[in-house]
file target23.txt (compact mmCIF, C-alpha atoms and all ligand atoms)
# COMPACT_ATOMS: atom_id res chain seq x y z
CA MET A 1 33.41 -42.68 14.40
CA GLU A 2 34.47 -46.28 14.79
CA CYS A 3 32.23 -47.11 17.76
CA TYR A 4 29.20 -46.77 15.48
CA ASN A 5 30.57 -48.94 12.70
CA GLU A 6 28.41 -51.99 13.23
CA TRP A 7 24.92 -50.58 13.25
CA VAL A 8 25.73 -47.92 10.65
CA ASP A 9 27.16 -50.57 8.31
CA ASP A 10 23.99 -52.56 8.70
CA VAL A 11 21.77 -49.53 7.98
CA LEU A 12 23.89 -48.49 5.01
CA ASP A 13 23.52 -51.94 3.49
CA LYS A 14 19.75 -51.52 3.71
CA VAL A 15 19.99 -48.02 2.19
CA ARG A 16 22.05 -49.34 -0.75
CA GLU A 17 19.60 -52.16 -1.34
CA LYS A 18 16.58 -49.88 -1.19
CA MET A 19 18.00 -47.06 -3.28
CA GLY A 20 19.03 -49.60 -5.93
CA TRP A 21 15.43 -50.38 -6.85
CA VAL A 22 13.92 -46.98 -5.86
CA SER A 23 16.30 -45.15 -8.22
CA GLU A 24 15.48 -47.51 -11.09
CA LYS A 25 11.73 -47.33 -10.51
CA ASN A 26 11.70 -43.50 -10.35
CA LYS A 27 14.51 -42.61 -12.75
CA ASN A 28 12.28 -40.53 -15.00
CA LYS A 29 10.79 -38.49 -12.15
CA ILE A 30 11.85 -35.73 -9.80
CA PRO A 31 10.24 -37.13 -6.65
CA TYR A 32 9.25 -35.23 -3.53
CA GLN A 33 6.74 -37.29 -1.52
CA THR A 34 5.08 -40.67 -1.63
CA ASP A 35 1.32 -41.11 -2.09
CA LYS A 36 -0.96 -43.35 -0.02
CA ASP A 37 0.24 -46.37 -1.99
CA GLY A 38 3.88 -45.57 -1.28
CA ASN A 39 4.70 -44.38 -4.82
CA TYR A 40 6.74 -41.24 -5.41
CA ASP A 41 5.12 -38.23 -7.11
CA ASP A 42 6.86 -36.37 -9.95
CA ARG A 43 7.45 -32.63 -9.66
CA SER A 44 8.62 -32.51 -13.28
CA ASP A 45 5.32 -33.85 -14.64
CA SER A 46 4.33 -31.06 -17.04
CA SER A 47 0.84 -32.48 -17.58
CA LYS A 48 -0.08 -31.38 -14.03
CA GLN A 49 -1.27 -27.88 -13.03
CA TRP A 50 1.41 -26.61 -10.66
CA ARG A 51 1.65 -23.30 -8.86
CA ILE A 52 4.53 -21.15 -10.18
CA ASP A 53 6.96 -22.49 -7.57
CA ASP A 54 5.87 -26.03 -6.82
CA GLY A 55 6.35 -27.93 -10.09
CA LEU A 56 9.76 -27.95 -11.77
CA ASN A 57 10.74 -24.95 -9.61
CA TRP A 58 9.90 -26.72 -6.35
CA TRP A 59 12.64 -25.98 -3.82
CA THR A 60 13.34 -29.64 -2.93
CA ASN A 61 13.92 -30.79 -6.51
CA GLY A 62 17.70 -30.92 -6.06
CA PHE A 63 17.58 -33.52 -3.30
CA TRP A 64 16.69 -36.43 -5.57
CA ALA A 65 19.90 -35.91 -7.52
CA GLY A 66 21.65 -35.23 -4.20
CA ILE A 67 20.72 -38.69 -2.93
CA LEU A 68 21.97 -40.24 -6.16
CA TRP A 69 25.29 -38.36 -6.00
CA LEU A 70 25.73 -39.61 -2.43
CA LEU A 71 25.23 -43.16 -3.66
CA TYR A 72 27.54 -42.51 -6.62
CA GLN A 73 30.31 -41.38 -4.29
CA ASP A 74 29.85 -44.50 -2.21
CA THR A 75 29.42 -47.16 -4.88
CA GLY A 76 31.04 -45.60 -7.97
CA GLU A 77 28.08 -46.93 -10.01
CA GLU A 78 27.66 -44.80 -13.12
CA ARG A 79 23.92 -45.34 -13.30
CA TYR A 80 23.49 -43.08 -10.23
CA MET A 81 25.26 -40.31 -12.14
CA GLU A 82 23.09 -40.91 -15.19
CA ILE A 83 19.84 -40.73 -13.21
CA ALA A 84 20.99 -37.64 -11.30
CA ARG A 85 21.64 -35.92 -14.63
CA ILE A 86 18.10 -36.57 -15.87
CA SER A 87 16.77 -34.22 -13.18
CA GLU A 88 19.66 -31.75 -13.50
CA GLU A 89 19.01 -31.38 -17.23
CA ARG A 90 15.27 -30.95 -16.69
CA MET A 91 15.90 -28.27 -14.10
CA GLU A 92 17.69 -26.05 -16.64
CA GLN A 93 14.19 -25.12 -17.80
CA CYS A 94 13.70 -23.30 -14.46
CA PHE A 95 15.90 -20.47 -15.70
CA GLN A 96 13.55 -19.95 -18.66
CA ASP A 97 10.52 -19.89 -16.36
CA TYR A 98 12.41 -17.57 -13.95
CA TYR A 99 9.38 -16.38 -11.93
CA GLY A 100 9.26 -19.52 -9.79
CA LEU A 101 12.88 -19.19 -8.67
CA HIS A 102 13.78 -17.55 -5.37
CA HIS A 103 16.40 -17.87 -2.62
CA ASP A 104 16.14 -21.66 -2.64
CA VAL A 105 18.26 -21.93 -5.79
CA GLY A 106 20.97 -23.10 -3.37
CA PHE A 107 18.89 -26.08 -2.24
CA MET A 108 18.05 -26.74 -5.90
CA PHE A 109 21.41 -26.40 -7.62
CA VAL A 110 24.04 -27.38 -5.04
CA PRO A 111 23.05 -31.08 -4.88
CA THR A 112 22.56 -31.15 -8.68
CA ALA A 113 24.87 -28.89 -10.69
CA VAL A 114 27.53 -28.09 -8.05
CA ALA A 115 27.69 -31.77 -7.09
CA ASP A 116 28.03 -32.81 -10.74
CA TRP A 117 30.78 -30.25 -11.34
CA LYS A 118 32.65 -31.20 -8.18
CA LEU A 119 32.42 -34.95 -8.80
CA THR A 120 32.78 -35.19 -12.59
CA GLY A 121 33.98 -31.79 -13.87
CA ASN A 122 30.89 -31.43 -16.10
CA GLN A 123 31.34 -27.98 -17.72
CA ASN A 124 27.64 -27.44 -18.31
CA SER A 125 26.97 -27.99 -14.61
CA ARG A 126 29.47 -25.27 -13.70
CA LYS A 127 27.60 -22.84 -15.99
CA ILE A 128 24.20 -23.76 -14.50
CA ALA A 129 25.51 -23.35 -10.95
CA LEU A 130 27.12 -19.96 -11.64
CA HIS A 131 23.88 -18.79 -13.24
CA ALA A 132 21.98 -19.86 -10.11
CA ALA A 133 24.55 -18.15 -7.85
CA SER A 134 24.11 -14.90 -9.75
CA LEU A 135 20.34 -15.08 -9.26
CA LEU A 136 20.83 -15.68 -5.55
CA ALA A 137 23.29 -12.79 -5.17
CA GLY A 138 20.79 -10.61 -7.06
CA ARG A 139 18.31 -11.06 -4.21
CA PHE A 140 20.63 -9.28 -1.78
CA ASN A 141 19.22 -6.12 -0.23
CA PRO A 142 22.31 -3.91 0.36
CA VAL A 143 20.57 -1.56 2.82
CA GLY A 144 19.28 -4.33 5.10
CA LYS A 145 22.25 -6.61 4.28
CA PHE A 146 20.02 -9.64 3.78
CA ILE A 147 18.98 -12.01 1.01
CA ARG A 148 15.28 -11.80 0.35
CA ALA A 149 13.49 -15.13 0.85
CA TRP A 150 10.39 -15.95 -1.19
CA ASN A 151 8.63 -14.07 -3.99
CA ASP A 152 5.26 -12.41 -3.41
CA LEU A 153 2.44 -14.94 -3.61
CA GLU A 154 0.06 -14.50 -0.66
CA ASN A 155 2.14 -11.83 1.12
CA ASP A 156 4.38 -8.86 0.41
CA THR A 157 7.70 -10.56 1.16
CA ARG A 158 10.16 -7.91 -0.03
CA GLY A 159 11.69 -7.68 3.46
CA TRP A 160 11.30 -11.32 4.54
CA VAL A 161 14.31 -13.34 5.55
CA ILE A 162 14.13 -16.98 6.66
CA ILE A 163 16.56 -19.14 8.60
CA ASP A 164 16.51 -21.86 5.89
CA CYS A 165 18.52 -19.56 3.60
CA MET A 166 21.65 -20.25 5.65
CA ILE A 167 21.97 -23.45 3.59
CA ASN A 168 21.56 -21.59 0.28
CA LEU A 169 24.70 -19.60 1.10
CA SER A 170 26.74 -22.64 0.15
CA LEU A 171 26.10 -21.80 -3.52
CA LEU A 172 27.59 -18.32 -3.05
CA TYR A 173 30.71 -19.56 -1.27
CA TRP A 174 31.21 -22.11 -4.03
CA ALA A 175 30.83 -19.41 -6.73
CA SER A 176 33.53 -17.25 -5.13
CA GLU A 177 35.86 -20.19 -4.68
CA GLU A 178 35.28 -21.23 -8.28
CA THR A 179 35.65 -17.82 -9.94
CA LYS A 180 38.06 -16.18 -7.44
CA ASP A 181 35.62 -13.27 -7.42
CA PRO A 182 34.89 -12.45 -3.73
CA ARG A 183 31.53 -10.71 -4.39
CA PHE A 184 29.47 -13.85 -3.77
CA ARG A 185 31.27 -14.59 -0.51
CA HIS A 186 30.81 -11.00 0.68
CA VAL A 187 27.06 -11.28 0.07
CA ALA A 188 26.92 -14.62 1.90
CA MET A 189 28.83 -13.30 4.91
CA MET A 190 26.81 -10.10 5.19
CA HIS A 191 23.63 -12.18 5.14
CA ALA A 192 25.05 -14.60 7.73
CA ASP A 193 25.97 -11.66 9.99
CA THR A 194 22.43 -10.27 9.75
CA VAL A 195 21.00 -13.66 10.64
CA ARG A 196 23.41 -14.12 13.55
CA LYS A 197 22.29 -10.81 15.05
CA ASN A 198 18.58 -11.05 14.38
CA PHE A 199 17.58 -14.71 14.42
CA VAL A 200 19.61 -16.47 17.07
CA ARG A 201 18.31 -15.88 20.61
CA PRO A 202 20.66 -15.84 23.62
CA ASP A 203 19.61 -19.39 24.61
CA GLY A 204 20.46 -20.81 21.15
CA SER A 205 16.87 -21.13 19.91
CA VAL A 206 16.18 -19.46 16.55
CA ARG A 207 13.43 -17.55 14.82
CA HIS A 208 12.09 -18.85 11.53
CA ILE A 209 11.06 -15.62 9.72
CA VAL A 210 12.16 -12.04 10.38
CA GLU A 211 10.71 -9.14 8.41
CA PHE A 212 12.82 -6.05 7.69
CA ASN A 213 11.82 -2.79 6.06
CA PRO A 214 13.16 -3.29 2.50
CA GLU A 215 13.72 0.48 2.08
CA THR A 216 15.55 1.20 5.36
CA GLY A 217 16.69 -2.23 6.56
CA GLU A 218 15.03 -1.67 9.93
CA LYS A 219 13.77 -4.84 11.68
CA ILE A 220 9.96 -4.91 11.82
CA ARG A 221 8.86 -8.19 13.42
CA ASP A 222 9.26 -11.93 13.44
CA PHE A 223 6.88 -14.76 12.62
CA GLY A 224 6.56 -18.29 13.98
CA GLY A 225 6.58 -19.53 10.37
CA GLN A 226 6.58 -23.32 10.13
CA GLY A 227 7.02 -23.66 13.88
CA TYR A 228 4.40 -23.61 16.63
CA THR A 229 4.17 -19.83 17.15
CA GLU A 230 6.15 -16.61 17.57
CA GLY A 231 8.84 -17.14 20.19
CA SER A 232 8.92 -20.89 19.63
CA SER A 233 11.66 -23.07 18.22
CA TRP A 234 10.93 -24.88 14.93
CA THR A 235 13.26 -27.87 14.99
CA ARG A 236 14.04 -27.95 11.28
CA GLY A 237 14.87 -24.26 11.54
CA GLN A 238 17.28 -25.11 14.38
CA GLY A 239 18.84 -27.60 11.98
CA TRP A 240 19.07 -25.09 9.12
CA ALA A 241 20.77 -22.63 11.49
CA LEU A 242 23.21 -25.17 12.93
CA TYR A 243 24.17 -26.74 9.61
CA GLY A 244 24.07 -23.35 7.85
CA PHE A 245 26.44 -21.63 10.28
CA MET A 246 28.77 -24.61 9.92
CA ILE A 247 28.74 -24.13 6.14
CA SER A 248 29.56 -20.44 6.62
CA TYR A 249 32.35 -21.32 9.05
CA LEU A 250 33.84 -23.98 6.78
CA HIS A 251 33.97 -21.59 3.82
CA SER A 252 35.01 -18.39 5.61
CA GLY A 253 36.85 -19.49 8.76
CA LYS A 254 35.04 -16.77 10.73
CA GLN A 255 35.06 -17.77 14.41
CA GLU A 256 31.67 -16.18 15.18
CA TYR A 257 29.98 -18.62 12.82
CA LEU A 258 31.47 -21.60 14.64
CA ASP A 259 30.46 -20.09 17.99
CA THR A 260 26.92 -19.56 16.72
CA ALA A 261 26.70 -23.12 15.41
CA LYS A 262 27.82 -24.33 18.84
CA LYS A 263 25.26 -22.23 20.63
CA VAL A 264 22.46 -23.60 18.45
CA ALA A 265 23.84 -27.13 18.78
CA ASP A 266 24.01 -26.94 22.59
CA TYR A 267 20.40 -25.83 22.68
CA CYS A 268 19.40 -28.79 20.46
CA VAL A 269 21.38 -31.27 22.56
CA LYS A 270 19.81 -29.89 25.75
CA ASN A 271 16.35 -30.38 24.28
CA LEU A 272 16.98 -33.81 22.79
CA SER A 273 14.56 -36.35 24.27
CA GLU A 274 15.62 -39.71 25.71
CA ASP A 275 14.26 -41.62 22.74
CA GLY A 276 16.02 -39.39 20.15
CA ILE A 277 12.74 -38.53 18.38
CA ILE A 278 12.47 -34.87 17.37
CA PRO A 279 9.19 -32.90 17.55
CA ILE A 280 8.21 -30.26 14.97
CA ASP A 281 8.94 -27.54 17.49
CA PHE A 282 10.97 -27.84 20.70
CA ARG A 283 8.33 -25.60 22.34
CA GLN A 284 5.17 -27.25 21.04
CA PRO A 285 2.54 -28.64 23.47
CA LYS A 286 3.03 -32.30 24.53
CA GLU A 287 -0.10 -33.33 22.64
CA PRO A 288 -0.51 -33.93 19.79
CA ALA A 289 2.92 -35.55 19.70
CA TYR A 290 3.82 -34.28 16.25
CA GLU A 291 7.27 -35.25 14.99
CA ASP A 292 9.58 -34.15 12.24
CA SER A 293 12.08 -36.81 11.23
CA CYS A 294 13.37 -34.49 8.55
CA GLY A 295 14.35 -31.81 11.07
CA ALA A 296 15.99 -34.59 13.05
CA CYS A 297 18.23 -35.59 10.13
CA VAL A 298 19.20 -31.96 9.37
CA ILE A 299 20.17 -31.39 13.03
CA ALA A 300 22.23 -34.60 13.00
CA GLY A 301 24.05 -33.46 9.85
CA GLY A 302 24.92 -30.13 11.47
CA LEU A 303 26.12 -31.82 14.68
CA LEU A 304 28.39 -34.14 12.69
CA GLU A 305 30.00 -31.21 10.84
CA LEU A 306 30.44 -29.33 14.11
CA ALA A 307 32.01 -32.37 15.80
CA LYS A 308 34.89 -32.21 13.30
CA CYS A 309 35.77 -28.65 14.30
CA VAL A 310 35.85 -28.78 18.12
CA LEU A 311 38.05 -30.17 20.90
CA PRO A 312 37.81 -33.92 21.76
CA GLU A 313 35.56 -33.57 24.83
CA GLU A 314 33.00 -31.53 22.89
CA LYS A 315 33.36 -33.70 19.81
CA LYS A 316 32.06 -36.71 21.76
CA LYS A 317 28.98 -34.82 22.94
CA TYR A 318 28.00 -33.77 19.40
CA GLU A 319 28.80 -37.15 17.83
CA GLU A 320 26.78 -39.00 20.45
CA ALA A 321 23.80 -36.72 20.02
CA ALA A 322 23.91 -37.10 16.23
CA ALA A 323 24.24 -40.88 16.50
CA LYS A 324 21.30 -41.03 18.92
CA ILE A 325 19.10 -39.16 16.44
CA ILE A 326 20.15 -41.18 13.39
CA ARG A 327 19.86 -44.45 15.27
CA ALA A 328 16.35 -43.53 16.40
CA ILE A 329 15.37 -42.83 12.80
CA SER A 330 17.00 -46.06 11.60
CA GLU A 331 15.30 -48.23 14.22
CA LYS A 332 11.92 -46.54 14.64
CA ARG A 333 11.16 -44.31 11.63
CA ALA A 334 12.82 -45.92 8.63
CA ASP A 335 11.04 -48.08 6.08
CA PHE A 336 13.40 -50.39 4.22
CA GLY A 337 10.60 -52.46 2.72
CA ARG A 338 9.22 -52.63 -0.81
CA THR A 339 5.86 -50.96 -0.21
CA CYS A 340 7.08 -47.38 0.09
CA ASP A 341 9.57 -45.57 -2.17
CA ALA A 342 10.80 -43.33 0.65
CA ILE A 343 12.87 -44.42 3.61
CA VAL A 344 12.29 -41.82 6.34
CA GLN A 345 8.79 -41.62 7.81
CA ASN A 346 7.04 -39.09 10.08
CA CYS A 347 8.21 -35.88 8.44
CA SER A 348 6.16 -32.72 8.87
CA GLY A 349 6.24 -29.63 6.66
CA ALA A 350 4.99 -27.27 9.35
CA TYR A 351 3.33 -27.44 12.76
CA HIS A 352 0.06 -25.95 11.48
CA SER A 353 -0.08 -27.91 8.19
CA ALA A 354 -3.21 -29.92 7.55
CA GLU A 355 -1.07 -33.04 7.13
CA HIS A 356 1.66 -34.41 9.40
CA HIS A 357 3.92 -37.46 9.39
CA THR A 358 4.48 -37.80 5.67
CA THR A 359 7.60 -38.62 3.66
CA MET A 360 9.91 -36.00 2.10
CA ASN A 361 12.81 -36.53 -0.30
CA TYR A 362 15.10 -34.25 1.69
CA ALA A 363 14.60 -36.28 4.87
CA ASP A 364 16.00 -39.24 2.95
CA TYR A 365 18.81 -37.04 1.65
CA TYR A 366 19.88 -35.81 5.10
CA PHE A 367 19.45 -39.25 6.63
CA ILE A 368 21.70 -40.91 4.05
CA GLU A 369 24.16 -38.02 4.16
CA ALA A 370 24.44 -38.36 7.95
CA LEU A 371 25.13 -42.09 7.69
CA TYR A 372 27.92 -41.39 5.20
CA LYS A 373 29.30 -38.63 7.42
CA ILE A 374 29.50 -41.07 10.33
CA LYS A 375 31.42 -43.48 8.09
CA GLY A 376 33.55 -40.74 6.54
CA ILE A 377 32.42 -41.69 3.01
CA GLY A 378 32.31 -39.04 0.26
CA LYS A 379 33.05 -35.34 0.24
CA LEU A 380 30.82 -32.58 1.52
CA LEU A 381 28.71 -31.24 -1.35
CA TRP A 382 27.76 -28.02 0.50
N1 LIG B 401 12.89 -24.69 3.48
C1 LIG B 401 11.58 -24.98 3.89
C2 LIG B 401 11.46 -26.08 4.84
O1 LIG B 401 12.37 -26.46 5.53
O2 LIG B 401 10.37 -26.59 4.93
call {"tool": "encode", "arguments": {"input": "target23.txt", "output": "structure tokens", "more": "lines below"}}
Ligand code: GLY
result
Amino acid sequence: MECYNEWVDDVLDKVREKMGWVSEKNKNKIPYQTDKDGNYDDRSDSSKQWRIDDGLNWWTNGFWAGILWLLYQDTGEERYMEIARISEERMEQCFQDYYGLHHDVGFMFVPTAVADWKLTGNQNSRKIALHAASLLAGRFNPVGKFIRAWNDLENDTRGWVIIDCMINLSLLYWASEETKDPRFRHVAMMHADTVRKNFVRPDGSVRHIVEFNPETGEKIRDFGGQGYTEGSSWTRGQGWALYGFMISYLHSGKQEYLDTAKKVADYCVKNLSEDGIIPIDFRQPKEPAYEDSCGACVIAGGLLELAKCVLPEEKKKYEEAAAKIIRAISEKRADFGRTCDAIVQNCSGAYHSAEHHTTMNYADYYFIEALYKIKGIGKLLW
């Protein structure tokens, strides 16, 4: 994407400068969000009282290492590898705890263990990643042909499936490619087929949560989840669907997955505002003007993968949309200063959360990943 070289080069220089000191300052943490003073928290701090799945088992814990592996691929600096491994080694404890793990082992162990194995051939990482893949495959419901999402905490979630899991499938495809055992890929593709039929609406918008009867596989209902309401269109979920179907297409070659990614992408492009800023939900009310920069970066990442797999006239459309989003983040929502450890601002966990416009480590991950995709630097970890 040569036409974007100048501004992307400039932004990447700022990213390298910032991540240089941020990684050093936080090397003994597994950060997720910054506090009011701009300092990262530490999800691996065992002196804190965490819920079963929000301390060391927190689903975003892999993204810190993911950011560092992106920087390692770019700069070749060994210290990024060393810091990434601090969190990877800590996360081995999650298998002992077990109860906090659920379908998000893909988010957790692809940017840590799979990345380490792919980039350095670390044998222990391969073992960790295969262990995680087996846990993920074990959540497959063969009657409903879906991977169960979360564990029961506030709700009975035995039949719950969420769009986010499309990204977790990457771990299963990798496990089949690595072991030459097709079981993992079969599970991933059966899940992807269920999602294609039950989550993606004819206009390309997607549902966040669908509940199936875990005994019969029959569809029961859907929920608005982290979006505005039932029938709405949570933007990060659009991103998970778009990027997730691209991952399934890249690993399986199944045309329907590419077609689905395109359908979701076209819907996102159609709803993209002039200024490139993404709301929490494409169907939320105009006010309050809640945003989700994280959803924006995930959508951009999916568009950039899609652009590589389509004809030239379509390629331009997807590249331009992705560049518009990433440029808007770079110019209006990025903090490259010294008073905040995170770069991307104005991220929102969910429309109905008490808090909006925070930082999130995975927004930084997808932002940096998108910049590298535009420049063609590094290999795809997913
Ligand atoms: N996977 C949960 C989220 O996107 O917030």
call {"tool": "residues_near_ligand", "arguments": {"input": "target23.txt", "ligand": "ligand LIG 401 (chain B)", "cutoff": "9 Å", "atoms": "only C-alpha atoms and all ligand atoms", "output": "number ranges by chain"}}
result
A: 59-60, 104, 107, 162-165, 226, 236-237, 240, 294-295, 348-350
call {"tool": "closest_residue", "arguments": {"input": "target23.txt", "among": "A:Ala188, A:Glu355, A:Pro182, A:Met1", "to": "Glu319 in chain A", "atoms": "only C-alpha atoms"}}
result
A:Met1
call {"tool": "residues_around", "arguments": {"input": "target23.txt", "residues": "Asn57 in chain A", "least_positions_apart": "6", "cutoff": "12 Å", "atoms": "only C-alpha atoms", "output": "PDB file with C-alpha atoms, in the frame of the given file"}}
result
ATOM      1  CA  ILE A  30      11.850 -35.730  -9.800  1.00  0.00           C
ATOM      2  CA  ARG A  43       7.450 -32.630  -9.660  1.00  0.00           C
ATOM      3  CA  SER A  44       8.620 -32.510 -13.280  1.00  0.00           C
ATOM      4  CA  ASP A  45       5.320 -33.850 -14.640  1.00  0.00           C
ATOM      5  CA  SER A  46       4.330 -31.060 -17.040  1.00  0.00           C
ATOM      6  CA  TRP A  50       1.410 -26.610 -10.660  1.00  0.00           C
ATOM      7  CA  ARG A  51       1.650 -23.300  -8.860  1.00  0.00           C
ATOM      8  CA  SER A  87      16.770 -34.220 -13.180  1.00  0.00           C
ATOM      9  CA  GLU A  88      19.660 -31.750 -13.500  1.00  0.00           C
ATOM     10  CA  ARG A  90      15.270 -30.950 -16.690  1.00  0.00           C
ATOM     11  CA  MET A  91      15.900 -28.270 -14.100  1.00  0.00           C
ATOM     12  CA  GLU A  92      17.690 -26.050 -16.640  1.00  0.00           C
ATOM     13  CA  GLN A  93      14.190 -25.120 -17.800  1.00  0.00           C
ATOM     14  CA  CYS A  94      13.700 -23.300 -14.460  1.00  0.00           C
ATOM     15  CA  PHE A  95      15.900 -20.470 -15.700  1.00  0.00           C
ATOM     16  CA  GLN A  96      13.550 -19.950 -18.660  1.00  0.00           C
ATOM     17  CA  ASP A  97      10.520 -19.890 -16.360  1.00  0.00           C
ATOM     18  CA  TYR A  98      12.410 -17.570 -13.950  1.00  0.00           C
ATOM     19  CA  TYR A  99       9.380 -16.380 -11.930  1.00  0.00           C
ATOM     20  CA  GLY A 100       9.260 -19.520  -9.790  1.00  0.00           C
ATOM     21  CA  LEU A 101      12.880 -19.190  -8.670  1.00  0.00           C
ATOM     22  CA  HIS A 102      13.780 -17.550  -5.370  1.00  0.00           C
ATOM     23  CA  HIS A 103      16.400 -17.870  -2.620  1.00  0.00           C
ATOM     24  CA  ASP A 104      16.140 -21.660  -2.640  1.00  0.00           C
ATOM     25  CA  VAL A 105      18.260 -21.930  -5.790  1.00  0.00           C
ATOM     26  CA  PHE A 107      18.890 -26.080  -2.240  1.00  0.00           C
ATOM     27  CA  MET A 108      18.050 -26.740  -5.900  1.00  0.00           C
ATOM     28  CA  PHE A 109      21.410 -26.400  -7.620  1.00  0.00           C
TER      29      PHE A 109
END
call {"tool": "residues_around", "arguments": {"input": "target23.txt", "residues": "Ala265 in chain A", "least_positions_apart": "2", "cutoff": "10 Å", "atoms": "all atoms listed in the file", "output": "PyMOL selection string"}}
result
chain A and resi 204-205+238-239+241-243+259-263+267-271+299-300+302-303+306+318+321
call {"tool": "closest_residue", "arguments": {"input": "target23.txt", "among": "A:Ile278, A:Leu12, A:Leu171, A:Ala323", "to": "Thr75 in chain A", "atoms": "all atoms listed in the file"}}
result
A:Leu12
call {"tool": "residues_near_point", "arguments": {"input": "target23.txt", "point": "(27.6, -31.5, -0.4)", "cutoff": "7 Å", "atoms": "only C-alpha atoms", "output": "PyMOL selection string"}}
result
chain A and resi 111+115+379-382
call {"tool": "closest_residue", "arguments": {"input": "target23.txt", "among": "A:Val200, A:Val206, A:Ile326, A:Ala289", "to": "His357 in chain A", "atoms": "all atoms listed in the file"}}
result
A:Ala289
call {"tool": "residues_around", "arguments": {"input": "target23.txt", "residues": "Asp193 in chain A", "least_positions_apart": "6", "cutoff": "9 Å", "atoms": "all atoms listed in the file", "output": "count of residues only"}}
result
4
call {"tool": "closest_residue", "arguments": {"input": "target23.txt", "among": "A:Ser330, A:Ser353, A:Ser248, A:Thr358", "to": "Ala370 in chain A", "atoms": "only C-alpha atoms"}}
result
A:Ser330
call {"tool": "axis_aligned_box", "arguments": {"input": "target23.txt", "around": "range 302-314 of chain A", "padding_each_side": "6 Å", "output": "AutoDock Vina command-line options"}}
result
--center_x 31.5 --center_y -31.4 --center_z 17.8 --size_x 25.1 --size_y 17.5 --size_z 26.0
call {"tool": "atom_distance", "arguments": {"input": "target23.txt", "atom1": "CA of Lys315 in chain A", "atom2": "CA of Gly376 in chain A"}}
result
15.0 Å
call {"tool": "atom_distance", "arguments": {"input": "target23.txt", "atom1": "CA of Gly227 in chain A", "atom2": "CA of Asn141 in chain A"}}
result
25.6 Å
call {"tool": "closest_residue", "arguments": {"input": "target23.txt", "among": "A:Arg158, A:His356, A:Lys373, A:Lys197", "to": "Ala307 in chain A", "atoms": "all atoms listed in the file"}}
result
A:Lys373
call {"tool": "residues_around", "arguments": {"input": "target23.txt", "residues": "Thr157 in chain A", "least_positions_apart": "6", "cutoff": "12 Å", "atoms": "only C-alpha atoms", "output": "compact mmCIF listing (two decimals) with C-alpha atoms, keeping the file's coordinate frame"}}
result
# COMPACT_ATOMS: atom_id res chain seq x y z
CA HIS A 102 13.78 -17.55 -5.37
CA HIS A 103 16.40 -17.87 -2.62
CA ARG A 139 18.31 -11.06 -4.21
CA ILE A 147 18.98 -12.01 1.01
CA ARG A 148 15.28 -11.80 0.35
CA ALA A 149 13.49 -15.13 0.85
CA TRP A 150 10.39 -15.95 -1.19
CA ASN A 151 8.63 -14.07 -3.99
CA ILE A 209 11.06 -15.62 9.72
CA VAL A 210 12.16 -12.04 10.38
CA GLU A 211 10.71 -9.14 8.41
CA PHE A 212 12.82 -6.05 7.69
CA ASN A 213 11.82 -2.79 6.06
CA PRO A 214 13.16 -3.29 2.50
